[in-house]
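Colleague: To be precise about what I am sending: the file is called start.csv and holds CSV, C-alpha atoms and all ligand atoms.
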chain,number,residue,atom,x,y,z
A,1,MET,CA,-31.8,38.0,6.3
A,2,LYS,CA,-29.9,35.5,4.1
A,3,ASN,CA,-29.9,37.5,0.9
A,4,SER,CA,-28.6,36.4,-2.4
A,5,GLU,CA,-27.6,40.0,-3.3
A,6,ILE,CA,-24.9,39.9,-0.6
A,7,LYS,CA,-21.6,38.8,-2.2
A,8,THR,CA,-20.2,35.9,-0.1
A,9,VAL,CA,-16.7,36.4,1.4
A,10,TYR,CA,-15.2,33.0,1.7
A,11,ALA,CA,-12.8,33.1,4.6
A,12,ASP,CA,-12.6,29.5,5.7
A,13,ASN,CA,-9.8,28.2,3.5
A,14,ALA,CA,-8.2,26.2,6.4
A,15,ALA,CA,-11.4,24.0,6.3
A,16,THR,CA,-11.3,23.7,2.5
A,17,THR,CA,-10.4,25.7,-0.5
A,18,ALA,CA,-12.2,26.3,-3.9
A,19,MET,CA,-10.7,24.2,-6.7
A,20,SER,CA,-8.5,26.2,-9.1
A,21,ASP,CA,-9.3,26.2,-12.8
A,22,VAL,CA,-6.0,24.5,-13.5
A,23,ALA,CA,-6.9,21.7,-11.1
A,24,ILE,CA,-10.4,21.4,-12.6
A,25,ASP,CA,-9.0,21.3,-16.1
A,26,ALA,CA,-6.5,18.6,-15.2
A,27,MET,CA,-9.2,16.6,-13.5
A,28,THR,CA,-11.6,16.8,-16.4
A,29,LEU,CA,-9.2,15.3,-18.8
A,30,TYR,CA,-8.7,12.2,-16.6
A,31,LEU,CA,-12.5,11.9,-16.0
A,32,LYS,CA,-13.4,12.2,-19.7
A,33,GLU,CA,-10.6,10.9,-21.7
A,34,VAL,CA,-7.8,9.0,-19.8
A,35,TYR,CA,-10.1,6.9,-17.7
A,36,GLY,CA,-8.3,3.6,-17.8
A,37,ASN,CA,-7.3,1.7,-14.7
A,38,PRO,CA,-3.5,2.1,-14.2
A,39,SER,CA,-3.3,-1.6,-13.3
A,40,SER,CA,-4.8,-2.8,-16.7
A,41,LEU,CA,-2.4,-4.1,-19.3
A,42,HIS,CA,-4.2,-2.6,-22.3
A,43,THR,CA,-3.4,0.7,-23.9
A,44,ALA,CA,-6.0,2.7,-22.0
A,45,GLY,CA,-4.6,1.3,-18.7
A,46,GLN,CA,-1.0,1.9,-19.7
A,47,LYS,CA,-1.8,5.5,-20.6
A,48,ALA,CA,-3.3,6.0,-17.1
A,49,LYS,CA,-0.3,4.3,-15.5
A,50,GLU,CA,2.1,6.6,-17.4
A,51,ALA,CA,0.1,9.6,-16.3
A,52,LEU,CA,0.1,8.4,-12.7
A,53,ASP,CA,3.9,8.0,-12.7
A,54,GLY,CA,4.2,11.5,-14.0
A,55,PHE,CA,2.0,13.0,-11.3
A,56,ARG,CA,3.9,11.1,-8.6
A,57,ALA,CA,7.2,12.5,-9.9
A,58,ARG,CA,5.8,16.1,-10.0
A,59,ILE,CA,4.4,15.9,-6.5
A,60,ALA,CA,7.6,14.3,-5.2
A,61,ALA,CA,9.7,17.1,-6.8
A,62,ARG,CA,7.8,19.8,-5.0
A,63,LEU,CA,8.7,18.2,-1.6
A,64,ASN,CA,12.3,17.3,-2.7
A,65,ALA,CA,11.4,13.6,-2.4
A,66,ASP,CA,11.8,10.7,-4.8
A,67,PRO,CA,8.8,9.4,-6.6
A,68,ALA,CA,9.1,6.0,-5.0
A,69,GLU,CA,8.6,7.7,-1.6
A,70,ILE,CA,5.1,9.0,-2.4
A,71,TYR,CA,2.0,7.0,-1.5
A,72,PHE,CA,-1.4,8.3,-2.6
A,73,THR,CA,-4.2,8.3,0.0
A,74,SER,CA,-7.8,9.5,0.3
A,75,GLY,CA,-6.5,12.7,2.1
A,76,GLY,CA,-4.8,14.0,5.1
A,77,SER,CA,-6.7,12.0,7.7
A,78,GLU,CA,-5.8,8.7,6.0
A,79,ALA,CA,-2.2,9.7,5.6
A,80,ASP,CA,-2.0,10.7,9.3
A,81,ASN,CA,-3.6,7.4,10.4
A,82,GLN,CA,-1.3,5.2,8.3
A,83,ALA,CA,1.9,7.0,9.2
A,84,ILE,CA,1.3,7.0,13.0
A,85,ARG,CA,-0.1,3.5,13.3
A,86,SER,CA,2.6,2.1,11.0
A,87,ALA,CA,5.4,3.7,13.0
A,88,ALA,CA,3.8,2.7,16.3
A,89,TYR,CA,3.3,-0.9,15.4
A,90,ASN,CA,6.8,-1.1,13.9
A,91,GLY,CA,8.3,0.4,17.1
A,92,ALA,CA,6.3,-2.1,19.2
A,93,LYS,CA,8.0,-5.0,17.4
A,94,ARG,CA,11.3,-3.7,18.9
A,95,GLY,CA,9.8,-3.0,22.3
A,96,LYS,CA,9.3,0.7,21.7
A,97,LYS,CA,5.8,1.8,22.7
A,98,HIS,CA,6.4,5.5,23.5
A,99,ILE,CA,5.2,8.4,21.2
A,100,ILE,CA,5.8,12.1,21.4
A,101,SER,CA,3.3,14.6,20.0
A,102,THR,CA,1.7,17.9,21.0
A,103,ALA,CA,-1.5,18.9,22.7
A,104,PHE,CA,-2.8,20.8,19.6
A,105,GLU,CA,-2.6,18.4,16.8
A,106,HIS,CA,-5.4,17.8,14.3
A,107,HIS,CA,-8.0,15.2,15.4
A,108,ALA,CA,-6.8,12.8,12.7
A,109,VAL,CA,-3.6,12.7,14.8
A,110,LEU,CA,-5.0,13.0,18.3
A,111,HIS,CA,-7.7,10.5,17.9
A,112,THR,CA,-5.3,8.0,16.4
A,113,LEU,CA,-3.0,8.5,19.3
A,114,LYS,CA,-5.9,8.1,21.8
A,115,LYS,CA,-6.6,4.8,20.2
A,116,LEU,CA,-3.0,3.7,20.4
A,117,GLU,CA,-3.0,4.6,24.1
A,118,ARG,CA,-6.0,2.3,24.6
A,119,GLU,CA,-3.8,-0.4,22.9
A,120,GLY,CA,-1.1,0.1,25.5
A,121,PHE,CA,1.1,2.8,23.9
A,122,GLU,CA,2.2,5.7,26.0
A,123,VAL,CA,2.0,9.3,24.5
A,124,THR,CA,3.8,12.4,25.8
A,125,TYR,CA,1.9,15.5,24.7
A,126,LEU,CA,4.2,18.5,24.6
A,127,ASP,CA,3.1,21.9,25.9
A,128,VAL,CA,2.6,24.3,23.1
A,129,HIS,CA,3.1,27.5,25.2
A,130,GLU,CA,0.9,30.6,25.1
A,131,ASN,CA,2.2,31.5,21.6
A,132,GLY,CA,1.4,28.0,20.1
A,133,VAL,CA,5.0,27.2,19.2
A,134,ILE,CA,7.0,24.3,20.7
A,135,ASP,CA,10.8,24.3,21.1
A,136,ALA,CA,12.8,21.5,19.5
A,137,ALA,CA,14.5,21.2,23.0
A,138,GLN,CA,11.2,20.0,24.4
A,139,VAL,CA,11.2,17.1,21.9
A,140,GLY,CA,14.9,16.4,22.8
A,141,ASN,CA,14.0,16.2,26.5
A,142,ALA,CA,11.1,13.9,25.9
A,143,ILE,CA,12.9,11.3,23.8
A,144,ARG,CA,13.4,8.0,25.7
A,145,ARG,CA,15.1,4.7,24.8
A,146,ASP,CA,11.6,3.3,24.0
A,147,THR,CA,10.4,6.3,21.8
A,148,ALA,CA,9.1,4.9,18.5
A,149,LEU,CA,7.8,8.1,16.9
A,150,VAL,CA,7.7,11.9,17.1
A,151,THR,CA,4.7,13.4,15.4
A,152,VAL,CA,4.4,17.2,15.4
A,153,MET,CA,2.3,19.2,12.9
A,154,PHE,CA,4.1,21.6,10.5
A,155,ALA,CA,1.5,24.4,10.9
A,156,ASN,CA,-1.5,24.5,13.1
A,157,ASN,CA,-4.9,24.5,11.3
A,158,GLU,CA,-6.7,26.7,13.9
A,159,ILE,CA,-4.2,29.4,14.8
A,160,GLY,CA,-1.7,29.0,11.9
A,161,THR,CA,1.5,28.8,14.0
A,162,LEU,CA,4.5,27.2,12.4
A,163,GLN,CA,6.7,24.7,14.3
A,164,PRO,CA,10.5,24.4,14.1
A,165,ILE,CA,10.3,21.4,11.9
A,166,ALA,CA,13.9,21.4,10.6
A,167,GLU,CA,15.2,21.5,14.1
A,168,ILE,CA,12.9,18.8,15.3
A,169,GLY,CA,13.8,16.7,12.3
A,170,ALA,CA,17.6,17.1,12.8
A,171,LEU,CA,17.2,16.1,16.5
A,172,CYS,CA,15.1,13.0,15.7
A,173,ARG,CA,17.5,11.9,12.9
A,174,GLU,CA,20.4,12.2,15.4
A,175,ARG,CA,18.6,10.3,18.1
A,176,LYS,CA,17.3,7.7,15.5
A,177,VAL,CA,13.6,8.3,16.2
A,178,THR,CA,11.1,8.3,13.3
A,179,PHE,CA,9.7,11.7,12.7
A,180,HIS,CA,6.3,12.3,11.1
A,181,THR,CA,4.7,15.7,10.4
A,182,ASP,CA,1.1,16.5,9.5
A,183,ALA,CA,1.9,19.2,6.9
A,184,VAL,CA,-1.6,19.5,5.5
A,185,GLN,CA,-1.8,23.2,6.2
A,186,ALA,CA,1.8,23.9,5.1
A,187,VAL,CA,2.2,22.2,1.7
A,188,GLY,CA,1.7,24.6,-1.1
A,189,HIS,CA,1.7,27.6,1.3
A,190,VAL,CA,5.2,27.6,2.8
A,191,PRO,CA,8.4,25.9,1.6
A,192,VAL,CA,8.6,22.2,2.5
A,193,ASP,CA,11.8,20.2,1.9
A,194,VAL,CA,11.7,16.6,3.3
A,195,LYS,CA,15.5,16.2,2.8
A,196,ALA,CA,16.7,19.5,4.3
A,197,MET,CA,14.2,19.2,7.1
A,198,ASP,CA,15.1,15.5,8.0
A,199,ILE,CA,11.4,14.4,7.7
A,200,ASP,CA,10.7,10.7,7.7
A,201,MET,CA,7.0,10.8,7.0
A,202,LEU,CA,4.8,13.7,5.9
A,203,SER,CA,1.0,14.0,5.3
A,204,LEU,CA,-0.6,16.3,2.8
A,205,SER,CA,-4.1,16.9,1.4
A,206,ALA,CA,-5.0,18.4,-2.0
A,207,HIS,CA,-8.1,20.3,-0.9
A,208,LYS,CA,-6.1,22.6,1.3
A,209,PHE,CA,-4.3,24.1,-1.8
A,210,HIS,CA,-7.1,24.3,-4.3
A,211,GLY,CA,-7.1,20.6,-5.3
A,212,ALA,CA,-10.1,18.2,-4.9
A,213,LYS,CA,-11.4,16.8,-1.7
A,214,GLY,CA,-10.8,13.1,-0.9
A,215,VAL,CA,-7.2,12.9,-2.2
A,216,GLY,CA,-3.9,13.3,-0.5
A,217,ALA,CA,-0.5,11.7,-0.1
A,218,LEU,CA,1.9,10.3,2.4
A,219,TYR,CA,5.6,10.7,1.9
A,220,VAL,CA,7.7,8.0,3.5
A,221,ARG,CA,11.5,8.2,3.3
A,222,ARG,CA,13.1,5.2,1.6
A,223,GLY,CA,14.2,2.7,4.3
A,224,VAL,CA,11.4,3.6,6.7
A,225,PRO,CA,9.0,0.7,6.9
A,226,LEU,CA,5.3,1.4,6.0
A,227,ALA,CA,2.5,-1.0,7.1
A,228,SER,CA,-0.7,-1.4,5.0
A,229,PHE,CA,-4.1,-1.1,6.6
A,230,ILE,CA,-6.2,-1.5,3.4
A,231,GLU,CA,-5.9,-5.0,2.0
A,232,GLY,CA,-6.7,-5.7,-1.7
A,233,GLY,CA,-4.8,-5.2,-4.9
A,234,ALA,CA,-1.1,-4.4,-5.2
A,235,GLN,CA,-1.5,-0.6,-5.8
A,236,GLU,CA,1.0,1.7,-4.1
A,237,LYS,CA,3.6,-1.1,-3.8
A,238,GLY,CA,1.2,-3.1,-1.8
A,239,ARG,CA,0.9,-0.4,0.9
A,240,ARG,CA,-2.5,0.9,0.0
A,241,ALA,CA,-4.9,-1.2,-2.0
A,242,GLY,CA,-7.6,0.4,-4.2
A,243,THR,CA,-7.8,1.7,-7.7
A,244,GLU,CA,-6.0,5.0,-7.8
A,245,ASN,CA,-8.0,8.2,-7.9
A,246,LEU,CA,-6.3,9.3,-11.1
A,247,ALA,CA,-8.4,12.4,-11.8
A,248,GLY,CA,-8.0,13.6,-8.2
A,249,ILE,CA,-4.3,12.9,-8.3
A,250,ALA,CA,-4.0,14.8,-11.6
A,251,ALA,CA,-5.8,17.8,-10.0
A,252,MET,CA,-3.5,17.5,-7.0
A,253,ALA,CA,-0.4,17.7,-9.1
A,254,ALA,CA,-1.7,20.7,-11.1
A,255,ALA,CA,-2.8,22.5,-7.9
A,256,LEU,CA,0.5,21.9,-6.2
A,257,ASP,CA,2.6,23.1,-9.1
A,258,ASP,CA,0.4,26.2,-9.3
A,259,ALA,CA,0.7,26.8,-5.5
A,260,CYS,CA,4.4,26.3,-5.5
A,261,ASP,CA,5.1,28.5,-8.6
A,262,ASN,CA,3.1,31.3,-7.0
A,263,MET,CA,3.9,30.8,-3.4
A,264,ASN,CA,5.7,34.0,-2.7
A,265,ALA,CA,3.1,36.2,-4.4
A,266,ASN,CA,0.2,34.4,-2.8
A,267,ALA,CA,1.8,34.6,0.7
A,268,GLU,CA,2.6,38.2,0.3
A,269,LYS,CA,-1.0,39.0,-0.6
A,270,GLU,CA,-2.5,36.8,2.2
A,271,ARG,CA,-0.1,38.4,4.7
A,272,ARG,CA,-1.1,41.9,3.6
A,273,LEU,CA,-4.8,41.1,3.9
A,274,CYS,CA,-4.4,39.3,7.2
A,275,ASP,CA,-2.3,42.2,8.6
A,276,LYS,CA,-5.2,44.5,7.7
A,277,ILE,CA,-7.6,42.3,9.5
A,278,ILE,CA,-5.5,41.9,12.6
A,279,SER,CA,-4.9,45.6,13.0
A,280,GLY,CA,-8.6,46.3,12.3
A,281,LEU,CA,-10.0,43.7,14.7
A,282,SER,CA,-7.4,44.4,17.4
A,283,ARG,CA,-9.1,47.7,17.9
A,284,ILE,CA,-12.1,45.8,19.4
A,285,PRO,CA,-11.7,46.2,23.2
A,286,HIS,CA,-11.0,43.0,25.2
A,287,SER,CA,-9.8,41.1,22.1
A,288,LYS,CA,-6.7,39.0,21.6
A,289,LEU,CA,-4.8,37.5,18.6
A,290,ASN,CA,-4.1,33.8,19.2
A,291,GLY,CA,-0.8,32.3,18.3
A,292,ASP,CA,2.6,33.9,17.7
A,293,ARG,CA,2.5,37.1,15.7
A,294,ASN,CA,5.3,36.2,13.4
A,295,LYS,CA,5.8,32.4,13.3
A,296,ARG,CA,2.6,31.8,11.4
A,297,LEU,CA,1.1,30.9,8.1
A,298,PRO,CA,0.4,33.9,5.9
A,299,GLY,CA,-3.4,33.2,5.6
A,300,ILE,CA,-4.8,32.3,9.1
A,301,VAL,CA,-6.0,34.8,11.7
A,302,ASN,CA,-7.5,33.5,15.0
A,303,MET,CA,-8.8,36.0,17.6
A,304,CYS,CA,-10.8,35.8,20.8
A,305,PHE,CA,-13.4,38.4,21.8
A,306,GLU,CA,-14.4,38.4,25.5
A,307,GLY,CA,-18.1,38.1,26.5
A,308,ILE,CA,-19.4,36.5,23.3
A,309,GLU,CA,-20.1,33.0,21.9
A,310,GLY,CA,-18.1,32.1,18.8
A,311,GLU,CA,-21.1,30.2,17.4
A,312,SER,CA,-23.4,33.2,17.5
A,313,LEU,CA,-20.7,35.3,16.0
A,314,LEU,CA,-20.4,32.8,13.1
A,315,LEU,CA,-24.1,32.7,12.4
A,316,LEU,CA,-24.4,36.5,12.3
A,317,LEU,CA,-21.3,36.8,10.1
A,318,ASP,CA,-22.9,34.1,7.8
A,319,ASP,CA,-26.0,36.2,7.6
A,320,ALA,CA,-23.8,39.1,6.6
A,321,GLY,CA,-22.2,37.0,3.8
A,322,ILE,CA,-19.0,36.1,5.6
A,323,CYS,CA,-18.0,32.4,5.9
A,324,ALA,CA,-15.6,32.0,8.8
A,325,SER,CA,-15.1,29.4,11.5
A,326,SER,CA,-14.7,29.3,15.3
A,327,GLY,CA,-11.9,26.8,15.1
A,328,SER,CA,-11.7,23.6,13.1
A,329,ALA,CA,-14.6,22.4,11.0
A,330,CYS,CA,-14.4,19.1,12.8
A,331,THR,CA,-15.3,20.5,16.2
A,332,SER,CA,-18.1,22.8,15.1
A,333,GLY,CA,-21.4,21.4,16.3
A,334,SER,CA,-19.9,20.5,19.6
A,335,LEU,CA,-20.2,22.8,22.6
A,336,ASP,CA,-16.7,22.2,23.8
A,337,PRO,CA,-14.2,25.0,23.2
A,338,SER,CA,-11.4,24.3,20.8
A,339,HIS,CA,-8.7,21.9,22.2
A,340,VAL,CA,-6.1,24.1,20.4
A,341,LEU,CA,-7.2,27.3,22.3
A,342,LEU,CA,-7.3,25.4,25.6
A,343,ALA,CA,-3.8,24.1,24.9
A,344,LEU,CA,-2.6,27.7,24.6
A,345,GLY,CA,-3.8,28.1,28.2
A,346,LEU,CA,-6.8,30.3,27.4
A,347,PRO,CA,-9.7,30.0,29.9
A,348,HIS,CA,-12.8,28.3,28.7
A,349,GLU,CA,-14.9,31.4,28.7
A,350,VAL,CA,-12.4,33.2,26.5
A,351,ALA,CA,-11.8,30.2,24.2
A,352,HIS,CA,-15.6,30.1,23.5
A,353,GLY,CA,-15.5,33.5,21.9
A,354,SER,CA,-13.1,32.6,19.1
A,355,LEU,CA,-13.1,33.4,15.4
A,356,ARG,CA,-10.8,31.9,12.7
A,357,ILE,CA,-10.5,33.7,9.4
A,358,SER,CA,-8.5,31.8,6.8
A,359,LEU,CA,-7.8,33.4,3.5
A,360,SER,CA,-6.4,32.3,0.2
A,361,GLU,CA,-5.0,34.2,-2.7
A,362,TYR,CA,-8.5,34.3,-4.1
A,363,ASN,CA,-9.5,36.8,-1.4
A,364,SER,CA,-9.5,40.5,-2.2
A,365,ASP,CA,-8.9,43.8,-0.4
A,366,ALA,CA,-12.7,44.2,-0.5
A,367,ASP,CA,-13.1,40.9,1.4
A,368,ALA,CA,-10.7,42.1,4.1
A,369,ASP,CA,-12.5,45.5,4.3
A,370,ALA,CA,-15.8,43.7,4.7
A,371,ILE,CA,-14.4,41.6,7.6
A,372,VAL,CA,-12.9,44.7,9.3
A,373,GLU,CA,-16.2,46.5,9.0
A,374,THR,CA,-18.6,43.7,9.9
A,375,VAL,CA,-16.9,41.8,12.8
A,376,PRO,CA,-16.8,44.8,15.2
A,377,LYS,CA,-20.4,45.6,14.6
A,378,VAL,CA,-21.5,42.0,15.2
A,379,VAL,CA,-19.3,41.7,18.3
A,380,ALA,CA,-20.8,44.9,19.7
A,381,TYR,CA,-24.3,43.7,19.0
A,382,LEU,CA,-23.7,40.4,20.8
A,383,ARG,CA,-22.0,42.0,23.7
A,384,ASN,CA,-25.0,44.3,24.1
A,385,ILE,CA,-27.4,41.4,24.6
A,386,SER,CA,-24.9,39.3,26.6
A,387,PRO,CA,-25.5,38.9,30.4
A,388,VAL,CA,-21.8,37.8,30.7
A,389,TRP,CA,-20.7,41.0,29.1
A,390,GLU,CA,-22.9,43.1,31.4
A,391,ALA,CA,-21.3,41.4,34.4
A,392,LEU,CA,-17.9,42.1,33.0
A,393,GLU,CA,-18.7,45.7,32.4
A,394,ASN,CA,-20.3,46.5,35.7
A,395,GLY,CA,-17.4,44.9,37.5
A,396,GLU,CA,-19.2,41.8,38.9
A,397,LYS,CA,-16.6,39.6,37.0
A,398,PRO,CA,-13.1,40.6,36.2
A,399,HIS,CA,-12.1,41.0,32.5
A,400,LEU,CA,-9.7,38.2,31.4
A,401,LEU,CA,-8.6,40.0,28.2
B,501,LIG,C1,-7.6,19.4,6.9
B,501,LIG,C2,-6.6,18.8,7.8
B,501,LIG,C3,-6.4,17.4,7.9
B,501,LIG,C4,-7.4,16.4,7.3
B,501,LIG,O1,-7.2,16.3,5.9
B,501,LIG,P1,-8.4,15.6,5.1
B,501,LIG,O2,-7.9,15.6,3.7
B,501,LIG,O3,-9.6,16.6,5.2
B,501,LIG,O4,-8.7,14.3,5.6
B,501,LIG,C5,-5.4,16.9,8.7
B,501,LIG,N1,-4.6,17.8,9.3
B,501,LIG,C6,-4.7,19.1,9.2
B,501,LIG,C7,-3.7,20.0,9.9
B,501,LIG,C8,-5.7,19.6,8.4
B,501,LIG,O5,-5.8,21.0,8.3
Before we go any further, please render this structure as C-alpha cells.
Ligand SMILES: *Cc1c(COP(=O)(O)O)cnc(C)c1O
Modeller:
Amino acid sequence: MKNSEIKTVYADNAATTAMSDVAIDAMTLYLKEVYGNPSSLHTAGQKAKEALDGFRARIAARLNADPAEIYFTSGGSEADNQAIRSAAYNGAKRGKKHIISTAFEHHAVLHTLKKLEREGFEVTYLDVHENGVIDAAQVGNAIRRDTALVTVMFANNEIGTLQPIAEIGALCRERKVTFHTDAVQAVGHVPVDVKAMDIDMLSLSAHKFHGAKGVGALYVRRGVPLASFIEGGAQEKGRRAGTENLAGIAAMAAALDDACDNMNANAEKERRLCDKIISGLSRIPHSKLNGDRNKRLPGIVNMCFEGIEGESLLLLLDDAGICASSGSACTSGSLDPSHVLLALGLPHEVAHGSLRISLSEYNSDADADAIVETVPKVVAYLRNISPVWEALENGEKPHLL
C-alpha cells in the first residue's frame, strides 16, 4: 500500500538529516565557481585556500577551538578511527595500552576498539546503567597508570542520552589522560565548548546537522599528537592526505552556523514535539521509554513495546508514510537486538521491540500527531497476530514491561 499520496513523515534524523537550503547554496558556489584546488599556487587555487581557511575558522569558533586545531575528515567514522587509533598508538609508545570507553558507543568507536584489543590493547567498557548515563566517578575509578585514552560519546545516537562530558573532561585533564568524545549527535544540537569541557579530541559529522554526507571534522587540542593514517599530500598539516572536499566543508560551515544560531529555538521545538510523542506512545500498555527522561537530546525518542518485532513495526510504519528506525541505521538488516539497548540491561525479547524516532526542526506538529495516531494502531495490529503476545496475555509467559 505504498502510496505516493501519503505525505512522508521523516523521523530518522539521527541516521541522517536533509540538507538545509543555506548548506546547499554554500555548496553550490564551491561546486560551480570556486572549484580550484586549495594546494594550487594560481589564483583559482588561492581563492579556494582562502575560503578553506575561512570555513576552518568558522567551524573552530563554534566549538571554542582554534582553527589550527581542526582537521577535516570524510565524516564521523573517520574522525573516530583516527582519534582513537592515534591516541592508542601514541600511548603504546610510552607503555600505556589501556583504554576506557562505554558499552554503548557507536560502532565507529566500538569496532575500532575491538581491533585494538586484537592488537594487544586492553579496553574497559563502563556500564551505562539502566538510564543510559554514566557517572564521571566510574571513569575516575577505571583510570590506571597505563591508561592511554578515555573515549566516551557526548550523546548516544540510539537513545539520545547526554553524558557528563565536562566532568569527565576535568577528571581526565587532572589525571593527564587523553580524552576523546564522539560528539556527532551533539554538535549543532546542544552547546559544545572544547575548552570549558576539557576535551582533547572531538569528532563531528556534517550530515547530522543538515550538512552533506561524507564530510566531518576532528578537533585535536594543540599539543596532543595526531597520527596520520592516510598517506599522500601535505593537506591538513600532513595529518590527513587528500584534496579537501571544499564544497562539503563550505556546506558544513554554513549548516553549523545555522544550527548554532537557531539552537535554542530548534531544541525547544523538538522537545515539545518529542514530549507529545512520549506522552502519546506511553499510553500503549507494556511500553517503556528508553534512556533518562531528562538528560537527553531534544530530538530523540526511543521506546520498546513488548510482544512485537521492531523490524515489522518499521515496515508497517513505512507503509503508512513514517520513516523511523529500530536503533541505528548501521545495525538494521541484522537480527541481533541493538547493543545499546542490551547495554541498558533490557532483555533480548524486549530490546527486539524497539522504535527510535528522531526529529529535527523541520518536523511539524502534524508529524508528531501522525506518529501518535499511527504507532498505537500498528503495535495493536502486530500484537494481535503475535503468538508471543498471546502467550503473554494468557499468562503462559510473564510480562517484562
Ligand atoms: C552518525 C554517527 C557516526 C558516524 O558518522 P558518519 O559521518 O556517518 O561516518 C558516528 N558516531 C555517532 C554517534 C553517529 O551518530
Colleague: Between A:Thr28, A:Thr374, A:Thr112, A:Asn363, which is the closest to ligand LIG 501 (chain B) once you count only C-alpha atoms and all ligand atoms?
Modeller: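 Of A:Thr28, A:Thr374, A:Thr112, A:Asn363, the one nearest ligand LIG 501 (chain B) is A:Thr112, counting only C-alpha atoms and all ligand atoms.
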Colleague: For Ser326 of chain A, work out the shell of residues within 7 Å, counting all atoms listed in the file and skipping chain neighbours fewer than 2 positions away, then give it as a ChimeraX atom specification.
Modeller: /A:310-311,328,354-356
Colleague: Quick one: which chain A residues come within 10 Å of ligand LIG 501 (chain B), and what is the nearest atom pair for each with the distance in Å to one decimal, counting all atoms listed in the file, rows ordered by chain and ascending number, as CSV?
Modeller:
residue,atom,partner,partner_atom,distance
A:Asn13,CA,B:LIG501,O5,9.5
A:Ala14,CA,B:LIG501,O5,6.0
A:Ala15,CA,B:LIG501,C1,6.0
A:Thr16,CA,B:LIG501,C1,7.2
A:Thr73,CA,B:LIG501,O2,9.0
A:Ser74,CA,B:LIG501,O2,7.0
A:Gly75,CA,B:LIG501,O2,3.6
A:Gly76,CA,B:LIG501,O1,3.4
A:Ser77,CA,B:LIG501,O4,3.7
A:Glu78,CA,B:LIG501,O4,6.3
A:Ala79,CA,B:LIG501,O4,8.0
A:Asp80,CA,B:LIG501,C5,7.1
A:Asn81,CA,B:LIG501,C5,9.8
A:Phe104,CA,B:LIG501,C7,9.8
A:Glu105,CA,B:LIG501,C7,7.2
A:His106,CA,B:LIG501,N1,5.1
A:His107,CA,B:LIG501,C5,7.4
A:Ala108,CA,B:LIG501,C5,5.9
A:Val109,CA,B:LIG501,N1,7.6
A:Met153,CA,B:LIG501,C7,6.8
A:Phe154,CA,B:LIG501,C7,8.0
A:Ala155,CA,B:LIG501,C7,6.9
A:Asn156,CA,B:LIG501,C7,5.9
A:Asn157,CA,B:LIG501,O5,4.7
A:Glu158,CA,B:LIG501,O5,8.0
A:Gly160,CA,B:LIG501,C7,9.4
A:Thr181,CA,B:LIG501,C7,9.4
A:Asp182,CA,B:LIG501,N1,5.8
A:Ala183,CA,B:LIG501,C7,6.4
A:Val184,CA,B:LIG501,C6,4.8
A:Gln185,CA,B:LIG501,O5,5.0
A:Ala186,CA,B:LIG501,C7,8.3
A:Ser203,CA,B:LIG501,C5,7.8
A:Leu204,CA,B:LIG501,O1,7.3
A:Ser205,CA,B:LIG501,O2,4.6
A:Ala206,CA,B:LIG501,O2,7.0
A:His207,CA,B:LIG501,O2,6.6
A:Lys208,CA,B:LIG501,C1,6.6
A:Ala212,CA,B:LIG501,O2,9.2
A:Lys213,CA,B:LIG501,O2,6.5
A:Gly214,CA,B:LIG501,O2,6.0
A:Val215,CA,B:LIG501,O2,6.5
A:Gly216,CA,B:LIG501,O2,6.2
A:Ala217,CA,B:LIG501,O2,9.2
A:Ser328,CA,B:LIG501,O5,8.0
A:Ala329,CA,B:LIG501,C1,8.6
A:Cys330,CA,B:LIG501,C1,9.0
Colleague: Identify which of the residues A:Gly353, A:Pro376, A:Gly120, A:Gly211 lies closest to Asp25 of chain A, counting all atoms listed in the file when measuring atom-to-atom distances.
Modeller: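 Nearest to Asp25 of chain A: A:Gly211.
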Colleague: Find the distance between atom CA of Ile322 of chain A and atom CA of Lys276 of chain A and write it in Å to one decimal.
Modeller: 16.3 Å
Colleague: Tell me, counting only C-alpha atoms, for each residue of segment 47-146 of chain A within 9 Å of segment 35-38 of chain A, which pair of atoms is nearest and how far apart they are in Å to one decimal, in rows ordered by chain and increasing number, as a tab-separated table.
Modeller:
residue	atom	partner	partner_atom	distance
A:Lys47	CA	A:Gly36	CA	7.3
A:Ala48	CA	A:Pro38	CA	4.9
A:Lys49	CA	A:Pro38	CA	4.1
A:Glu50	CA	A:Pro38	CA	7.9
A:Ala51	CA	A:Pro38	CA	8.6
A:Leu52	CA	A:Pro38	CA	7.4
Colleague: Give me the residues within 8 Å of Ala255 of chain A as JSON, numbers by chain, counting all atoms listed in the file and dropping any in the same chain fewer than 3 places off.
Modeller: {"A": [20, 22, 23, 206, 209, 210, 211, 251, 252, 258, 259]}
Colleague: For Arg296 of chain A, please output as a list in words all residues within 10 Å (counting only C-alpha atoms; exclusion window: fewer than 5 positions along the same chain).
Modeller: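 Listing them by chain and then by number gives Gly132, Val133, Ala155, Asn156, Ile159, Gly160, Thr161, Leu162, Gln163, Val190, Arg271, Gly291 and Val301 of chain A.
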Colleague: Save the residues we just selected, C-alpha atoms, as a short mmCIF file (atom, residue, chain, number, x, y, z; two decimals), in the coordinates of the input?
Modeller:
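Generated output (result.cif):
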data_model
loop_
_atom_site.label_atom_id
_atom_site.label_comp_id
_atom_site.auth_asym_id
_atom_site.auth_seq_id
_atom_site.Cartn_x
_atom_site.Cartn_y
_atom_site.Cartn_z
CA GLY A 132 1.40 28.00 20.10
CA VAL A 133 5.00 27.20 19.20
CA ALA A 155 1.50 24.40 10.90
CA ASN A 156 -1.50 24.50 13.10
CA ILE A 159 -4.20 29.40 14.80
CA GLY A 160 -1.70 29.00 11.90
CA THR A 161 1.50 28.80 14.00
CA LEU A 162 4.50 27.20 12.40
CA GLN A 163 6.70 24.70 14.30
CA VAL A 190 5.20 27.60 2.80
CA ARG A 271 -0.10 38.40 4.70
CA GLY A 291 -0.80 32.30 18.30
CA VAL A 301 -6.00 34.80 11.70
#
Colleague: Record the distance separating atom CA of Ile249 of chain A and atom CA of Ala18 of chain A, expressed in Å with one decimal.
Modeller: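 Between these atoms lies a distance of 16.2 Å.
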Colleague: Could you check how far atom CA of Glu373 of chain A sits from atom CA of Asp336 of chain A, in Å to one decimal?
Modeller: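 We find that atom CA of Glu373 of chain A and atom CA of Asp336 of chain A lie 28.5 Å from each other.
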Colleague: Identify the residues around (-9.0, 42.3, 30.6) within a radius of 12 Å, measuring from all atoms listed in the file in the coordinates stated by the file, and give them as a list in words.
Modeller: Pro285, His286, Ser287, Lys288, Cys304, Phe305, Glu306, Gly307, Val350, Trp389, Leu392, Glu393, Gly395, Lys397, Pro398, His399, Leu400 and Leu401 of chain A
